[in-house]
Amino acid sequence: MTKQYETVIGLEVHVELATKTKIFCGCSTAFGGAPNTHTCPVCTGMPGSLPVLNKQVVEYALAVGLATNCRINRYCKFDRKNYFYPDNPQNYQISQLYLPICHDGGIEIETAAGTKTIGIHEIHMEEDAGKLIHDEWEDCSLVDYNRSGVPLIEIVSEPDMRSAEEVIAYLEKLRLIIQYLGASDCKLQEGSMRADVNLSVREAGTSRFGTRTEMKNLNSFKAIGRAIEAERERQTELLEAGKPVIQETRRWDDNKEYSYAMRSKEDAQDYRYFPDPDLVPVIISDEWIERIKAAQPEFRTEKLKRYRKEFGIPDYDAQILTSSKKLADLFEAATQICKKPKKVSNWLMVETLRLLKEAGQEPEDISFSPENLAKLVLLTEEGVINSSVAKDVFSKIFAENIDPERYVEENGLKTIGDTDALRDTVREIVAANPQSVADYKGGKKKVFGFLVGQTMKAMKGKADPSAVNKLLQEMLG
Amino acid sequence: MDVLKMTALELSEKIKQKEIGVEEAVKASLSQIEKVESTVHAYVTVDAAGALKKAREIQKKIDSGELTGPLAGVPAAVKDNLCTKGMLTTCSSKILGNFVPTYTAQAVENLEAAGMIILGKTNMDEFAMGSTTETSAFGVTRNPWNPEHVPGGSSGGSCAAVAAGECFLALGSDTGGSIRQPGAFCGVTGIKPTYGTVSRYGLIAYGSSLDQIGPVARSVGDCAAALEVLASYDKKDSTSMKRDDCDFTEALTEDVKDLRIGIPGDYLGEGLDPQTKAAVLAAAEVLKEKGASVEEFDLSLVEYAIPAYYTIASAEASSNLERFDGVKYGYRADDCEGLHQMYKRSRSEGFGAEVKRRIMLGSFVLSSGYYDAYYLKALRVKAMIKQAFDRAFSKYDLILGPAASTTAPKLGESLSDPLKMYLGDIYTISANLAGIPGMTVPCGRDDQGLPIGLQLLANCFEEKKMIRAAYSFEQSRSYEAPQMDALQKKKLHTESMQMKEPDADALHMDALHMDALRAGKAVE
């Protein structure tokens with residue numbers, strides 16, 4: 001390769017908002033549920049039904065817009081995007097084209113190369129579609145409208161990114177902001193956050209953009225990274241060979257690490273956008289914006305500073321804890337109860353992250369309560385249980401959110417300290433291992449550990465290790 | 001005592017005085033339906049058993065004092081584009097020929113809550129697109145005054161049913177004159193309220209920004225009382241308005257002394273039938289004699305209303321009617337190969353010619369590259385028309401004119417020339433574009449004996465002024481009903497009317513023609 005190429009990337013990110021009800025009707029947005037049980041005439045497109053905007057959707061969109069330094073359209077409208085598909089019950093999607101709620105913002109990202117601002121072209125509100133289920137057995141297709149009308153915001157970036165690293169930094173930052181706002185849980189795997197990648201390649205130093213493709217079906221940061229790399233290579237090879245890049249939508253297959261063309265620009269539909277006459281314009285007042293601003297949470301930068309100051313935990317801990325809203329919330333709530341920030345932090349950073357990794361989950365999937373974590377910290381601190389028992393108890397907390405106090409009580413896991421029972425056991429161990437005792441007395445101090453181990457084993461792990469140490473030393477003179 | 005000659009208010013009063021039973025009233029309507037329906041064909045669906053059952057329930061509630069409203073016990077009919085739970089709702093289209101809604105429109109619920117009994121669903125132009133009720137997939141409705149003439153449209157079934165005594169009151173919908181024009185053709189009274197006054201929830205949309213539901217009845221009093229019931233703020237309709245001035249029956253007073261009435265000279269010019277003009281001006285004279293001030297003025301922009309209306313209404317319709325696709329409900333073509341063929345065939349076979357024409361027209365004006373030139377320009381015209389009315393209402397309380405340029409045309413006359421049919425809506429369309437209320441009251445008959453309707457328009461939220469003038473005028477004459485017995489014996493032409501299928505070229509001609517209509521004067 002003789003020429004130098006530059007990759008230009010822009011993202012369209014769809015985020016499912018965490019409202020209790022749908023964007024234009026009162027149906028639940030809860031995940032799961034038997035097909036077509038979270039539906040009504042509005043979200044199934046029955047004749048004569050009319051949409052009514054959920055105010056919470058506007059508030060979340062405003063919150064995300066303000067947190068990403070966007071300008072707000074004080075007078076915004078909904079438009080209809082017309083296209084026929086069975087998952088779209090009205091055969092038009094209510095979205096925003098002409099006057100989206102937020103525009104012209106941007107966020108700063110940090111990569112190895114330093115900080116950089118990625119522009120946000122616009123954020124608009126729209127409704128999700130239903131789901132098609134193809135029944136191969138019956139040779140038919142079924143539609144589930146439970147997701148139809150679930151609120152989304154689409155965040156459209158400027159073509160400001162140049163590498164997969166920047167894309168992932170941008171997505172992580174965006175996800176964190178939205179999670180901190182409580183506007184969405186942003187789970188890529190479950191589809192509550194979806195990113196479409198627009199990518200083109202051009203000769204380095206030129207100002208004109210190359211022809212771009214749009215990549216869909218990217219379900220993890222890893223897949224996004226792989227897809228960007230593959231598409232960059234594919235387009236570069238085409239340019240090297242003097243062949244044109246075709247403007248098209250491509251679908252990424254992460255198993256095959258290959259994308260294939262879905263539709264080209266020539267097949268692009270004319271969506272015949274026009275303002276939805278069933279909805280009235282949304283007028284956003286200064287007071288409303290001020291109220292949303294006042295309710296903005298503490299974001300990561302402020303949190304980091306506060307954690308260092310208020311909790312005195314190491315920078316490394318603070319970085320990890322604040323990398324997820326869920327972890328940060330758990331940390332603060334548990335610390336509030338037990339007043340042991342470093343201990344709480346340790347449980348979250350070591351055991352929790354390990355178990356999450358094992359289960360292939362993300363921090364947002366954590367289901368245990370801060371109360372139970374705090375109780376565990378206190379049980380350990382007060383010496384009620386020892387650290388190896390605590391680890392087992394924690395795995396139960398992690399899996400089932402059990403109450404550690406009750407669990408320790410019911411399963412007799414309390415540490416056995418300097419009691420008659422422990423004394424008897426130590427005495428038995430000493431009696432049963434004359435050789436080891438002799439070795440120890442002969443100067444082989446290493447066997448002490450063996451004797452502690454034997455005692456712990458005999459006590460089924462429940463003995464207080466310091467008491468065992470003390471008693472053994474006593475008896476071995 | 002001839003029940004059928006009473007107004008709805010008179011009937012309800014007699015019911016409360018126990019001179020007539022609710023069931024008796026319903027039976028009277030049902031037997032009239034049985035008698036004249038083979039000629040008039042005002043209904044798509046008649047639910048005799050349901051209505052009789054409901055009559056007994058309502059009677060109990062009236063007897064127990066639970067229902068005391070002025071329309072309790074009145075048999076009514078509902079236009080077939082209003083959803084009725086458990087009752088067929090077709091929009092007079094094959095594509096909804098088997099559609100039974102799971103919920104009831106808010107306006108119908110309001111009628112029922114007031115103790116009215118729904119007899120059935122009335123015929124209409126398919127999806128309310130038409131001015132004659134001839135585009136119905138279920139056969140034409142005939143004018144009770146002369147069955148060789150159309151009843152007007154699109155609420156032709158509702159207006160014919162009221163005129164023929166097949167119900168005491170009916171609901172219609174008015175997107176461009178669909179209550180007022182058939183009201184005039186059938187010699188009955190009808191009101192299109194201010195946009196947002198009656199909830200559209202459950203009204204199968206034609207042009208959402210223009211559609212309003214309103215009452216049709218034999219008297220101004222009945223219409224005012226019905227509108228009082230229909231008007232309600234509805235959270236389910238984002239365009240619904242909170243009003244605290246919906247006591248419309250308060251306006252049933254014979255006092256027009258303070259009213260300033262303007263007659264647009266633009267409404268009296270070329271194209272207006274001389275007999276209609278004479279009847280309308282005579283009506284204005286009556287109001288003048290009663291103390292109102294009346295003068296002619298120049299409304300302006302009238303000629304732009306039709307192209308703007310057909311652009312906006314068709315654009316909205318093209319999108320509103322997308323949901324009829326054979327997937328979820330309604331007609332689905334048999335034996336289709338794949339999804340796209342199912343869409344194409346279901347819609348091609350399910351929609352009639354006029355509906356397809358407007359879907360194509362609407363899709364065209366919204367398509368990329370044409371949006372600014374057609375749709376946006378039409379929206380600007382709409383805003384300018386509203387301004388013209390604002391100017392007019394700064395000088396006048398009411399605008400008076402004809403509801404239609406002629407009396408009811410003969411069956412089949414209008415369909416051959418759609419553009420001529422569109423032009424027939426010239427006096428009614430502006431009110432929908434401006435969102436203002438309008439109504440029609442009978443003001444005479446032409447030499448063929450066909451009714452002529454007077455139209456009154458008022459500023460937004462000023463229905464009461466309109467009702468007051470209409471009521472005052474109504475007092476000067478007695479209600480005329482068609483002679484249904486004579487009609488029975490008349491021999492009818494029954495050959496079926498077929499509309500020409502629109503083709504792409506014809507569609508383009510329509511668009512060009514509309515453009516040319518506007519081109520006379522530049523609109524900015």
# chains A, B, ... in the order shown; residues from 1 in each chain; ligands from 1
>>> closest_atom_pairs(of="segment 224-255 of chain A", to="segment 189-200 of chain A", cutoff="10 Å", atoms="only C-alpha atoms", output="JSON lines")
{"residue": "A:Ile224", "atom": "CA", "partner": "A:Val197", "partner_atom": "CA", "distance": 8.1}
{"residue": "A:Ala227", "atom": "CA", "partner": "A:Val197", "partner_atom": "CA", "distance": 8.8}
{"residue": "A:Ile228", "atom": "CA", "partner": "A:Leu199", "partner_atom": "CA", "distance": 7.7}
{"residue": "A:Glu231", "atom": "CA", "partner": "A:Leu199", "partner_atom": "CA", "distance": 7.7}
{"residue": "A:Arg232", "atom": "CA", "partner": "A:Ser200", "partner_atom": "CA", "distance": 7.5}
{"residue": "A:Gln235", "atom": "CA", "partner": "A:Ser200", "partner_atom": "CA", "distance": 7.4}
{"residue": "A:Thr236", "atom": "CA", "partner": "A:Ser200", "partner_atom": "CA", "distance": 9.2}
{"residue": "A:Val245", "atom": "CA", "partner": "A:Ser200", "partner_atom": "CA", "distance": 8.6}
{"residue": "A:Gln247", "atom": "CA", "partner": "A:Ser200", "partner_atom": "CA", "distance": 9.5}
{"residue": "A:Glu248", "atom": "CA", "partner": "A:Asn198", "partner_atom": "CA", "distance": 10.0}
{"residue": "A:Thr249", "atom": "CA", "partner": "A:Asn198", "partner_atom": "CA", "distance": 9.0}
{"residue": "A:Arg250", "atom": "CA", "partner": "A:Val197", "partner_atom": "CA", "distance": 9.7}
{"residue": "A:Arg251", "atom": "CA", "partner": "A:Asp196", "partner_atom": "CA", "distance": 9.8}
>>> interface_residues(of="chain B", to="chain A", cutoff="6 Å", atoms="only C-alpha atoms", output="ChimeraX atom specification")
/B:201-204,208-209,238,322-323,366-367
>>> residues_around(residues="segment 70-76 of chain A", least_positions_apart="2", cutoff="10 Å", atoms="only C-alpha atoms", output="ChimeraX atom specification")
/A:61-68,78-79,96-107,119-124,280-286,289
>>> residues_around(residues="Lys396 of chain A", least_positions_apart="6", cutoff="10 Å", atoms="only C-alpha atoms", output="list in words")
Phe368, Ala390, Ile402, Asp403, Pro404 and Tyr407 of chain A
>>> closest_residue(among="B:Gly65, B:Gly97, B:Gly449, B:Gly139", to="Arg332 of chain B", atoms="only C-alpha atoms")
B:Gly97
>>> residues_around(residues="segment 169-173 of chain A", least_positions_apart="2", cutoff="10 Å", atoms="only C-alpha atoms", output="ChimeraX atom specification")
/A:11,13,107-111,116-118,157,161,163-167,175-179,186,193,195,221,300,323-324
